[in-house]
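First comes the structure, then the notes that go with it.
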Amino acid sequence: RSLKELRLQIGSNMGTLPASFGDITTLEILYLESCGLSGSIPDSWGNLVNLKYFGASRNSLSGTLPSSLGSWTLIDEFIISGNGFEGSIPASFGQWVNVRNLLLEDNNMDGTLPAELSGCTKMSQLSIQNNDFTGSLPSEWSTWTKVNRLDLNNNKLEGTLPPSYGSMVQLVYFEGFDNYF
């Protein structure tokens with residue numbers, strides 16, 4: 001048999017993320033919410049190519065997001081809110097052609113927003129609020145014709161809303177306060 005779903009929740013006190021989880025290549029759902037996790041996501045987790053859902057919110061995870069996770073081309077939801085992740089969003093995440101919800105809020109992430117995320121054409125919700133992202137909004141993101149929610153507040157973004165965002169016909173919620181727009 002092959003393990004497809006692993007759920008650990010509140011009070012599990014799991015410690016750090018085991019690199020050996022990268023060997024469970026049949027995993028489709030990995031739910032690690034509020035487990036008392038610390039440390040970083042191991043690079044070997046890029047081997048989880050069948051993953052469709054990854055949730056690890058409200059832990060004490062840190063470090064940078066490995067670019068190897070770009071191999072998760074089946075990922076539909078990636079939720080790491082409320083941790084201590086640092087660094088930028090890897091450009092390799094632009095290979096996530098199936099991602100609908102990308103929730104990175106309440107971390108310590110920074111850097112500019114990668115234009116490569118334009119490859120995420122099924123994007124429905126992007127939440128990067130309460131981080132330290134800089135630079136302007138990539139005009140390339142206008143390929144997100146299915147996006148309905150952009151939460152960008154409380155970063156260090158600047159510039160203006162690209163005119164090409166007019167093609168985001170499903171966008172009903174845009175929050176961008178506490179930036180330098």
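The chains in the structure tokens are called A, B, ... from first to last as shown; in each chain the residues are counted from 1, and the ligands are counted from 1 in the order shown.
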Item checked: Shell of 7 Å around stretch 72-76 of chain A, only C-alpha atoms, local chain residues under 6 positions omitted, as a ChimeraX atom specification -> /A:46,48-53,95-101
Take the selection from the previous step and output its residues with all heavy atoms, as a short mmCIF file (atom, residue, chain, number, x, y, z; two decimals), in the first residue's frame.
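Output contents, as saved in out.cif:
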```cif
data_model
loop_
_atom_site.label_atom_id
_atom_site.label_comp_id
_atom_site.auth_asym_id
_atom_site.auth_seq_id
_atom_site.Cartn_x
_atom_site.Cartn_y
_atom_site.Cartn_z
N GLY A 46 11.03 18.12 -2.22
CA GLY A 46 10.76 18.35 -3.63
C GLY A 46 10.38 17.06 -4.34
O GLY A 46 9.78 17.09 -5.42
N LEU A 48 8.10 15.07 -3.42
CA LEU A 48 6.67 14.80 -3.20
C LEU A 48 5.85 15.30 -4.40
O LEU A 48 4.97 16.15 -4.27
CB LEU A 48 6.20 15.46 -1.91
CG LEU A 48 6.93 15.02 -0.63
CD1 LEU A 48 6.45 15.82 0.57
CD2 LEU A 48 6.76 13.53 -0.40
N VAL A 49 6.13 14.76 -5.56
CA VAL A 49 5.57 15.26 -6.82
C VAL A 49 4.08 14.99 -6.99
O VAL A 49 3.47 15.55 -7.91
CB VAL A 49 6.35 14.70 -8.04
CG1 VAL A 49 7.78 15.20 -8.02
CG2 VAL A 49 6.30 13.18 -8.06
N ASN A 50 3.47 14.19 -6.14
CA ASN A 50 2.03 13.92 -6.22
C ASN A 50 1.22 14.76 -5.24
O ASN A 50 -0.01 14.62 -5.16
CB ASN A 50 1.75 12.44 -5.98
CG ASN A 50 2.24 11.60 -7.13
OD1 ASN A 50 1.82 11.80 -8.26
ND2 ASN A 50 3.15 10.67 -6.85
N LEU A 51 1.90 15.65 -4.52
CA LEU A 51 1.23 16.45 -3.50
C LEU A 51 0.25 17.44 -4.13
O LEU A 51 0.59 18.17 -5.06
CB LEU A 51 2.27 17.20 -2.67
CG LEU A 51 1.91 17.52 -1.24
CD1 LEU A 51 1.60 16.26 -0.45
CD2 LEU A 51 3.04 18.28 -0.57
N LYS A 52 -0.97 17.44 -3.60
CA LYS A 52 -2.01 18.36 -4.06
C LYS A 52 -2.36 19.40 -3.00
O LYS A 52 -2.83 20.48 -3.33
CB LYS A 52 -3.28 17.58 -4.45
CG LYS A 52 -3.05 16.67 -5.64
CD LYS A 52 -4.28 15.85 -5.96
CE LYS A 52 -3.98 14.90 -7.11
NZ LYS A 52 -5.03 13.93 -7.30
N TYR A 53 -2.13 19.06 -1.74
CA TYR A 53 -2.43 19.97 -0.64
C TYR A 53 -1.28 19.93 0.35
O TYR A 53 -0.86 18.85 0.79
CB TYR A 53 -3.73 19.56 0.06
CG TYR A 53 -4.05 20.45 1.25
CD1 TYR A 53 -4.82 21.59 1.09
CD2 TYR A 53 -3.54 20.16 2.50
CE1 TYR A 53 -5.09 22.42 2.18
CE2 TYR A 53 -3.79 20.99 3.59
CZ TYR A 53 -4.57 22.11 3.42
OH TYR A 53 -4.82 22.93 4.48
N GLN A 95 5.94 27.08 -11.76
CA GLN A 95 5.61 25.81 -12.41
C GLN A 95 4.35 25.18 -11.83
O GLN A 95 3.89 24.14 -12.30
CB GLN A 95 6.79 24.83 -12.26
CG GLN A 95 8.06 25.32 -12.92
CD GLN A 95 9.22 24.41 -12.57
OE1 GLN A 95 9.24 23.25 -12.96
NE2 GLN A 95 10.19 24.93 -11.82
N TRP A 96 3.78 25.79 -10.82
CA TRP A 96 2.59 25.27 -10.15
C TRP A 96 1.35 25.64 -10.98
O TRP A 96 0.56 26.51 -10.61
CB TRP A 96 2.48 25.83 -8.74
CG TRP A 96 3.48 25.30 -7.77
CD1 TRP A 96 4.46 24.37 -8.00
CD2 TRP A 96 3.61 25.67 -6.41
NE1 TRP A 96 5.18 24.15 -6.87
CE2 TRP A 96 4.69 24.93 -5.86
CE3 TRP A 96 2.94 26.56 -5.59
CZ2 TRP A 96 5.08 25.06 -4.53
CZ3 TRP A 96 3.34 26.68 -4.27
CH2 TRP A 96 4.39 25.93 -3.75
N VAL A 97 1.17 24.97 -12.06
CA VAL A 97 0.08 25.29 -13.00
C VAL A 97 -1.31 24.98 -12.44
O VAL A 97 -2.30 25.45 -12.99
CB VAL A 97 0.28 24.56 -14.35
CG1 VAL A 97 1.53 25.07 -15.05
CG2 VAL A 97 0.34 23.05 -14.16
N ASN A 98 -1.38 24.22 -11.36
CA ASN A 98 -2.68 23.86 -10.77
C ASN A 98 -3.01 24.58 -9.48
O ASN A 98 -4.08 24.39 -8.93
CB ASN A 98 -2.74 22.34 -10.54
CG ASN A 98 -2.79 21.57 -11.83
OD1 ASN A 98 -3.73 21.71 -12.59
ND2 ASN A 98 -1.76 20.78 -12.09
N VAL A 99 -2.10 25.38 -8.98
CA VAL A 99 -2.33 26.03 -7.68
C VAL A 99 -3.47 27.04 -7.78
O VAL A 99 -3.55 27.81 -8.72
CB VAL A 99 -1.04 26.68 -7.12
CG1 VAL A 99 -0.67 27.95 -7.86
CG2 VAL A 99 -1.18 26.92 -5.63
N ARG A 100 -4.38 26.96 -6.81
CA ARG A 100 -5.48 27.92 -6.72
C ARG A 100 -5.29 28.85 -5.53
O ARG A 100 -5.61 30.02 -5.60
CB ARG A 100 -6.82 27.18 -6.59
CG ARG A 100 -7.27 26.48 -7.86
CD ARG A 100 -8.63 25.79 -7.71
NE ARG A 100 -8.71 24.92 -6.54
CZ ARG A 100 -9.42 25.18 -5.43
NH1 ARG A 100 -10.16 26.25 -5.34
NH2 ARG A 100 -9.41 24.34 -4.41
N ASN A 101 -4.81 28.31 -4.42
CA ASN A 101 -4.66 29.10 -3.21
C ASN A 101 -3.21 29.04 -2.72
O ASN A 101 -2.71 27.97 -2.40
CB ASN A 101 -5.60 28.59 -2.11
CG ASN A 101 -7.05 28.73 -2.51
OD1 ASN A 101 -7.48 29.79 -2.93
ND2 ASN A 101 -7.80 27.66 -2.40
#
```
May I have the residues within 8 Å of stretch 14-28 of chain A as a PDB file with N, CA, C and O atoms, in the first residue's frame, using only C-alpha atoms and disregarding those fewer than 2 positions away in the same chain?
```
ATOM      1  N   SER A   2       0.218   2.333  -0.405  1.00  0.00           N
ATOM      2  CA  SER A   2       0.937   3.589  -0.485  1.00  0.00           C
ATOM      3  C   SER A   2       0.200   4.663   0.301  1.00  0.00           C
ATOM      4  O   SER A   2      -1.001   4.838   0.137  1.00  0.00           O
ATOM      5  N   LEU A   3       0.932   5.388   1.146  1.00  0.00           N
ATOM      6  CA  LEU A   3       0.347   6.448   1.948  1.00  0.00           C
ATOM      7  C   LEU A   3       0.017   7.639   1.058  1.00  0.00           C
ATOM      8  O   LEU A   3       0.869   8.152   0.344  1.00  0.00           O
ATOM      9  N   LYS A   4      -1.256   8.081   1.078  1.00  0.00           N
ATOM     10  CA  LYS A   4      -1.691   9.209   0.263  1.00  0.00           C
ATOM     11  C   LYS A   4      -1.998  10.445   1.094  1.00  0.00           C
ATOM     12  O   LYS A   4      -1.940  11.551   0.592  1.00  0.00           O
ATOM     13  N   GLU A   5      -2.332  10.251   2.378  1.00  0.00           N
ATOM     14  CA  GLU A   5      -2.735  11.384   3.213  1.00  0.00           C
ATOM     15  C   GLU A   5      -2.133  11.254   4.596  1.00  0.00           C
ATOM     16  O   GLU A   5      -2.202  10.202   5.219  1.00  0.00           O
ATOM     17  N   LEU A   6      -1.544  12.351   5.079  1.00  0.00           N
ATOM     18  CA  LEU A   6      -0.977  12.395   6.419  1.00  0.00           C
ATOM     19  C   LEU A   6      -1.455  13.674   7.080  1.00  0.00           C
ATOM     20  O   LEU A   6      -1.204  14.771   6.574  1.00  0.00           O
ATOM     21  N   SER A  12       0.494  17.845  18.462  1.00  0.00           N
ATOM     22  CA  SER A  12       1.325  16.711  18.071  1.00  0.00           C
ATOM     23  C   SER A  12       2.779  16.875  18.493  1.00  0.00           C
ATOM     24  O   SER A  12       3.489  15.900  18.665  1.00  0.00           O
ATOM     25  N   LEU A  30      -0.776  16.617   2.746  1.00  0.00           N
ATOM     26  CA  LEU A  30       0.094  16.709   3.912  1.00  0.00           C
ATOM     27  C   LEU A  30      -0.391  17.892   4.740  1.00  0.00           C
ATOM     28  O   LEU A  30      -0.217  19.049   4.369  1.00  0.00           O
ATOM     29  N   CYS A  35       1.193  22.102  14.854  1.00  0.00           N
ATOM     30  CA  CYS A  35       1.800  20.895  15.428  1.00  0.00           C
ATOM     31  C   CYS A  35       3.028  21.173  16.275  1.00  0.00           C
ATOM     32  O   CYS A  35       3.709  20.234  16.690  1.00  0.00           O
ATOM     33  N   GLY A  36       3.374  22.414  16.500  1.00  0.00           N
ATOM     34  CA  GLY A  36       4.586  22.729  17.238  1.00  0.00           C
ATOM     35  C   GLY A  36       5.842  22.448  16.428  1.00  0.00           C
ATOM     36  O   GLY A  36       6.900  22.177  16.995  1.00  0.00           O
ATOM     37  N   LEU A  37       5.733  22.496  15.119  1.00  0.00           N
ATOM     38  CA  LEU A  37       6.866  22.235  14.240  1.00  0.00           C
ATOM     39  C   LEU A  37       7.858  23.384  14.235  1.00  0.00           C
ATOM     40  O   LEU A  37       7.477  24.548  14.327  1.00  0.00           O
ATOM     41  N   SER A  38       9.126  23.051  14.094  1.00  0.00           N
ATOM     42  CA  SER A  38      10.179  24.067  13.977  1.00  0.00           C
ATOM     43  C   SER A  38      11.144  23.623  12.880  1.00  0.00           C
ATOM     44  O   SER A  38      11.027  22.529  12.340  1.00  0.00           O
ATOM     45  N   GLY A  39      12.094  24.485  12.584  1.00  0.00           N
ATOM     46  CA  GLY A  39      13.069  24.167  11.547  1.00  0.00           C
ATOM     47  C   GLY A  39      12.548  24.549  10.167  1.00  0.00           C
ATOM     48  O   GLY A  39      11.579  25.287  10.035  1.00  0.00           O
ATOM     49  N   SER A  40      13.198  24.028   9.147  1.00  0.00           N
ATOM     50  CA  SER A  40      12.867  24.405   7.774  1.00  0.00           C
ATOM     51  C   SER A  40      12.303  23.216   6.994  1.00  0.00           C
ATOM     52  O   SER A  40      12.351  22.076   7.454  1.00  0.00           O
ATOM     53  N   ILE A  41      11.777  23.517   5.818  1.00  0.00           N
ATOM     54  CA  ILE A  41      11.285  22.462   4.926  1.00  0.00           C
ATOM     55  C   ILE A  41      12.494  21.844   4.229  1.00  0.00           C
ATOM     56  O   ILE A  41      13.239  22.551   3.551  1.00  0.00           O
ATOM     57  N   PRO A  42      12.710  20.548   4.400  1.00  0.00           N
ATOM     58  CA  PRO A  42      13.876  19.911   3.775  1.00  0.00           C
ATOM     59  C   PRO A  42      13.802  19.946   2.247  1.00  0.00           C
ATOM     60  O   PRO A  42      12.725  19.806   1.663  1.00  0.00           O
ATOM     61  N   ASP A  43      14.932  20.138   1.610  1.00  0.00           N
ATOM     62  CA  ASP A  43      15.023  20.158   0.159  1.00  0.00           C
ATOM     63  C   ASP A  43      14.491  18.859  -0.449  1.00  0.00           C
ATOM     64  O   ASP A  43      13.907  18.861  -1.530  1.00  0.00           O
ATOM     65  N   SER A  44      14.652  17.748   0.265  1.00  0.00           N
ATOM     66  CA  SER A  44      14.206  16.439  -0.236  1.00  0.00           C
ATOM     67  C   SER A  44      12.692  16.372  -0.431  1.00  0.00           C
ATOM     68  O   SER A  44      12.193  15.512  -1.147  1.00  0.00           O
ATOM     69  N   TRP A  45      11.958  17.296   0.173  1.00  0.00           N
ATOM     70  CA  TRP A  45      10.505  17.296   0.013  1.00  0.00           C
ATOM     71  C   TRP A  45      10.091  17.665  -1.410  1.00  0.00           C
ATOM     72  O   TRP A  45       8.946  17.500  -1.788  1.00  0.00           O
ATOM     73  N   GLY A  46      11.027  18.120  -2.216  1.00  0.00           N
ATOM     74  CA  GLY A  46      10.761  18.347  -3.626  1.00  0.00           C
ATOM     75  C   GLY A  46      10.380  17.061  -4.340  1.00  0.00           C
ATOM     76  O   GLY A  46       9.779  17.089  -5.420  1.00  0.00           O
ATOM     77  N   ASN A  47      10.682  15.920  -3.725  1.00  0.00           N
ATOM     78  CA  ASN A  47      10.332  14.604  -4.297  1.00  0.00           C
ATOM     79  C   ASN A  47       8.843  14.280  -4.170  1.00  0.00           C
ATOM     80  O   ASN A  47       8.379  13.301  -4.754  1.00  0.00           O
ATOM     81  N   LEU A  48       8.097  15.067  -3.424  1.00  0.00           N
ATOM     82  CA  LEU A  48       6.670  14.802  -3.203  1.00  0.00           C
ATOM     83  C   LEU A  48       5.847  15.302  -4.401  1.00  0.00           C
ATOM     84  O   LEU A  48       4.974  16.150  -4.275  1.00  0.00           O
ATOM     85  N   VAL A  49       6.129  14.756  -5.558  1.00  0.00           N
ATOM     86  CA  VAL A  49       5.573  15.262  -6.823  1.00  0.00           C
ATOM     87  C   VAL A  49       4.080  14.994  -6.994  1.00  0.00           C
ATOM     88  O   VAL A  49       3.468  15.549  -7.906  1.00  0.00           O
ATOM     89  N   ASN A  50       3.473  14.187  -6.137  1.00  0.00           N
ATOM     90  CA  ASN A  50       2.032  13.925  -6.224  1.00  0.00           C
ATOM     91  C   ASN A  50       1.220  14.763  -5.243  1.00  0.00           C
ATOM     92  O   ASN A  50      -0.009  14.621  -5.165  1.00  0.00           O
ATOM     93  N   LEU A  51       1.895  15.648  -4.516  1.00  0.00           N
ATOM     94  CA  LEU A  51       1.226  16.454  -3.499  1.00  0.00           C
ATOM     95  C   LEU A  51       0.253  17.438  -4.131  1.00  0.00           C
ATOM     96  O   LEU A  51       0.593  18.166  -5.057  1.00  0.00           O
ATOM     97  N   LYS A  52      -0.973  17.435  -3.602  1.00  0.00           N
ATOM     98  CA  LYS A  52      -2.013  18.359  -4.064  1.00  0.00           C
ATOM     99  C   LYS A  52      -2.359  19.400  -3.002  1.00  0.00           C
ATOM    100  O   LYS A  52      -2.830  20.479  -3.333  1.00  0.00           O
ATOM    101  N   TYR A  53      -2.130  19.056  -1.737  1.00  0.00           N
ATOM    102  CA  TYR A  53      -2.427  19.968  -0.639  1.00  0.00           C
ATOM    103  C   TYR A  53      -1.281  19.933   0.353  1.00  0.00           C
ATOM    104  O   TYR A  53      -0.864  18.852   0.795  1.00  0.00           O
TER     105      TYR A  53
END
```
Name the residues of stretch 94-127 of chain A that fall into strand (DSSP E) according to DSSP on the backbone, using the chain letters and numbers of this document, as an mmCIF file with N, CA and C atoms, in the first residue's frame.
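Produced file out-v2.cif, reproduced below:
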```cif
data_model
loop_
_atom_site.group_PDB
_atom_site.id
_atom_site.type_symbol
_atom_site.label_atom_id
_atom_site.label_comp_id
_atom_site.auth_asym_id
_atom_site.auth_seq_id
_atom_site.Cartn_x
_atom_site.Cartn_y
_atom_site.Cartn_z
ATOM 1 N N ASN A 101 -4.806 28.313 -4.422
ATOM 2 C CA ASN A 101 -4.655 29.103 -3.206
ATOM 3 C C ASN A 101 -3.215 29.045 -2.720
ATOM 4 N N LEU A 102 -2.591 30.212 -2.677
ATOM 5 C CA LEU A 102 -1.217 30.353 -2.215
ATOM 6 C C LEU A 102 -1.238 31.344 -1.057
ATOM 7 N N LEU A 103 -1.144 30.802 0.163
ATOM 8 C CA LEU A 103 -1.302 31.612 1.377
ATOM 9 C C LEU A 103 0.008 31.638 2.153
ATOM 10 N N ASN A 108 8.033 36.154 7.639
ATOM 11 C CA ASN A 108 9.070 37.187 7.560
ATOM 12 C C ASN A 108 9.683 37.212 6.168
ATOM 13 N N MET A 109 8.889 36.923 5.168
ATOM 14 C CA MET A 109 9.393 36.820 3.803
ATOM 15 C C MET A 109 9.675 38.204 3.222
ATOM 16 N N ASP A 110 10.603 38.245 2.275
ATOM 17 C CA ASP A 110 10.985 39.523 1.672
ATOM 18 C C ASP A 110 11.406 39.307 0.225
ATOM 19 N N GLY A 111 11.996 40.331 -0.352
ATOM 20 C CA GLY A 111 12.402 40.263 -1.750
ATOM 21 C C GLY A 111 11.282 40.730 -2.659
ATOM 22 N N THR A 112 11.552 40.700 -3.943
ATOM 23 C CA THR A 112 10.548 41.125 -4.915
ATOM 24 C C THR A 112 9.642 39.956 -5.270
ATOM 25 N N GLN A 125 -6.593 32.699 -5.141
ATOM 26 C CA GLN A 125 -6.316 33.550 -3.988
ATOM 27 C C GLN A 125 -4.817 33.567 -3.708
ATOM 28 N N LEU A 126 -4.278 34.775 -3.591
ATOM 29 C CA LEU A 126 -2.901 34.977 -3.160
ATOM 30 C C LEU A 126 -2.944 35.854 -1.927
ATOM 31 N N SER A 127 -2.360 35.371 -0.845
ATOM 32 C CA SER A 127 -2.291 36.156 0.380
ATOM 33 C C SER A 127 -0.837 36.210 0.838
#
```
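Residue nearest A:Thr160, chosen from A:Phe54, A:Phe181, A:Tyr173, A:Phe133 and counting only C-alpha atoms: A:Phe181.
The coordinates place atom CA of A:Ala115 at 20.2 Å from atom CA of A:Asn130.
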Notebook entry, point to check: How many Å separate atom CA of A:Ile128 from atom CA of A:Thr145?
Noted result: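 Going from atom CA of A:Ile128 over to atom CA of A:Thr145, I get 18.7 Å.
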